[in-house]
Amino acid sequence: MNQPDLTPENTEKSEINNKAVFNFATLAGMVGELGFIIAVPLLVTIVAGIWVDKKFSTTPLFMILGILLAITVSTITIGRKIKQLNKLNGIQ
């Protein structure tokens with residue numbers, strides 16, 4: 001049975017590989033999450049805005065306010081995610 005070569009050089013290469021895989025997985029997860037961070041608040045506020053506009057005959061006032069609210073919420077959430085990613089990578 002072959003045992004893994006545990007020389008310092010190979011161990012260092014293995015750690016670098018593991019770190020690269022972790023960074024890729026983290027970034028891939030964040031890209032997927034980014035879609036939800038933008039889409040969900042936008043869809044919810046647009047639908048709610050259309051409903052309120054129909055109820056009070058104020059078209060397109062509340063839909064536009066909803067879009068602005070969604071942009072604000074998404075921007076704040078993305079900023080927090082960037083801070084979290086920077087903290088993981090040791091960037092302050």
# chains A, B, ... in the order shown; residues from 1 in each chain; ligands from 1
call {"tool": "residues_around", "arguments": {"residues": "A:Ala70", "least_positions_apart": "6", "cutoff": "8 Å", "atoms": "only C-alpha atoms", "output": "PDB file with N, CA and C atoms, in the first residue's frame"}}
result
ATOM      1  N   ILE A  38     -29.599  40.333  -4.776  1.00  0.00           N
ATOM      2  CA  ILE A  38     -30.142  41.382  -5.643  1.00  0.00           C
ATOM      3  C   ILE A  38     -31.584  41.073  -6.041  1.00  0.00           C
ATOM      4  N   PRO A  41     -34.918  40.921  -2.904  1.00  0.00           N
ATOM      5  CA  PRO A  41     -35.502  42.198  -2.467  1.00  0.00           C
ATOM      6  C   PRO A  41     -36.157  42.966  -3.612  1.00  0.00           C
ATOM      7  N   LEU A  42     -35.573  42.886  -4.797  1.00  0.00           N
ATOM      8  CA  LEU A  42     -36.128  43.596  -5.948  1.00  0.00           C
ATOM      9  C   LEU A  42     -37.512  43.049  -6.301  1.00  0.00           C
ATOM     10  N   THR A  45     -40.143  43.849  -3.410  1.00  0.00           N
ATOM     11  CA  THR A  45     -40.578  45.249  -3.325  1.00  0.00           C
ATOM     12  C   THR A  45     -41.346  45.693  -4.567  1.00  0.00           C
TER      13      THR A  45
END
call {"tool": "residues_around", "arguments": {"residues": "stretch 62-69 of chain A", "least_positions_apart": "5", "cutoff": "10 Å", "atoms": "only C-alpha atoms", "output": "PDB file with N, CA and C atoms, in the first residue's frame"}}
result
ATOM      1  N   PRO A  41     -34.918  40.921  -2.904  1.00  0.00           N
ATOM      2  CA  PRO A  41     -35.502  42.198  -2.467  1.00  0.00           C
ATOM      3  C   PRO A  41     -36.157  42.966  -3.612  1.00  0.00           C
ATOM      4  N   LEU A  42     -35.573  42.886  -4.797  1.00  0.00           N
ATOM      5  CA  LEU A  42     -36.128  43.596  -5.948  1.00  0.00           C
ATOM      6  C   LEU A  42     -37.512  43.049  -6.301  1.00  0.00           C
ATOM      7  N   LEU A  43     -37.624  41.747  -6.404  1.00  0.00           N
ATOM      8  CA  LEU A  43     -38.921  41.146  -6.745  1.00  0.00           C
ATOM      9  C   LEU A  43     -39.973  41.410  -5.677  1.00  0.00           C
ATOM     10  N   VAL A  44     -39.588  41.261  -4.422  1.00  0.00           N
ATOM     11  CA  VAL A  44     -40.550  41.450  -3.323  1.00  0.00           C
ATOM     12  C   VAL A  44     -41.056  42.892  -3.299  1.00  0.00           C
ATOM     13  N   THR A  45     -40.143  43.849  -3.410  1.00  0.00           N
ATOM     14  CA  THR A  45     -40.578  45.249  -3.325  1.00  0.00           C
ATOM     15  C   THR A  45     -41.346  45.693  -4.567  1.00  0.00           C
ATOM     16  N   ILE A  46     -41.013  45.146  -5.727  1.00  0.00           N
ATOM     17  CA  ILE A  46     -41.768  45.501  -6.936  1.00  0.00           C
ATOM     18  C   ILE A  46     -43.194  44.953  -6.833  1.00  0.00           C
ATOM     19  N   VAL A  47     -43.334  43.690  -6.442  1.00  0.00           N
ATOM     20  CA  VAL A  47     -44.673  43.103  -6.318  1.00  0.00           C
ATOM     21  C   VAL A  47     -45.481  43.845  -5.252  1.00  0.00           C
ATOM     22  N   ALA A  48     -44.865  44.128  -4.114  1.00  0.00           N
ATOM     23  CA  ALA A  48     -45.567  44.867  -3.057  1.00  0.00           C
ATOM     24  C   ALA A  48     -45.924  46.271  -3.533  1.00  0.00           C
ATOM     25  N   GLY A  49     -45.010  46.914  -4.254  1.00  0.00           N
ATOM     26  CA  GLY A  49     -45.271  48.256  -4.768  1.00  0.00           C
ATOM     27  C   GLY A  49     -46.423  48.281  -5.763  1.00  0.00           C
ATOM     28  N   ILE A  50     -46.469  47.294  -6.648  1.00  0.00           N
ATOM     29  CA  ILE A  50     -47.573  47.212  -7.614  1.00  0.00           C
ATOM     30  C   ILE A  50     -48.897  47.003  -6.886  1.00  0.00           C
ATOM     31  N   TRP A  51     -48.891  46.146  -5.873  1.00  0.00           N
ATOM     32  CA  TRP A  51     -50.110  45.884  -5.108  1.00  0.00           C
ATOM     33  C   TRP A  51     -50.607  47.153  -4.404  1.00  0.00           C
ATOM     34  N   VAL A  52     -49.686  47.868  -3.744  1.00  0.00           N
ATOM     35  CA  VAL A  52     -50.063  49.097  -3.036  1.00  0.00           C
ATOM     36  C   VAL A  52     -50.514  50.160  -4.037  1.00  0.00           C
ATOM     37  N   ASP A  53     -49.820  50.260  -5.173  1.00  0.00           N
ATOM     38  CA  ASP A  53     -50.210  51.235  -6.196  1.00  0.00           C
ATOM     39  C   ASP A  53     -51.627  50.966  -6.714  1.00  0.00           C
ATOM     40  N   LYS A  54     -51.969  49.710  -6.932  1.00  0.00           N
ATOM     41  CA  LYS A  54     -53.318  49.377  -7.399  1.00  0.00           C
ATOM     42  C   LYS A  54     -54.357  49.696  -6.332  1.00  0.00           C
ATOM     43  N   PHE A  56     -54.242  51.972  -3.930  1.00  0.00           N
ATOM     44  CA  PHE A  56     -54.432  53.404  -3.679  1.00  0.00           C
ATOM     45  C   PHE A  56     -54.386  54.253  -4.948  1.00  0.00           C
ATOM     46  N   SER A  74     -29.899  45.845  -1.061  1.00  0.00           N
ATOM     47  CA  SER A  74     -28.917  45.007  -1.761  1.00  0.00           C
ATOM     48  C   SER A  74     -27.508  45.572  -1.617  1.00  0.00           C
ATOM     49  N   THR A  75     -27.377  46.870  -1.743  1.00  0.00           N
ATOM     50  CA  THR A  75     -26.063  47.507  -1.620  1.00  0.00           C
ATOM     51  C   THR A  75     -25.474  47.303  -0.225  1.00  0.00           C
TER      52      THR A  75
END
call {"tool": "closest_residue", "arguments": {"among": "A:Thr26, A:Ser57, A:Val40, A:Glu33", "to": "A:Asn86", "atoms": "only C-alpha atoms"}}
result
A:Thr26
call {"tool": "atom_distance", "arguments": {"atom1": "atom CA of A:Thr72", "atom2": "atom CA of A:Phe24"}}
result
27.9 Å
call {"tool": "atom_distance", "arguments": {"atom1": "atom CA of A:Ile82", "atom2": "atom CA of A:Val21"}}
result
19.0 Å
call {"tool": "atom_distance", "arguments": {"atom1": "atom CA of A:Gly79", "atom2": "atom CA of A:Pro60"}}
result
28.7 Å
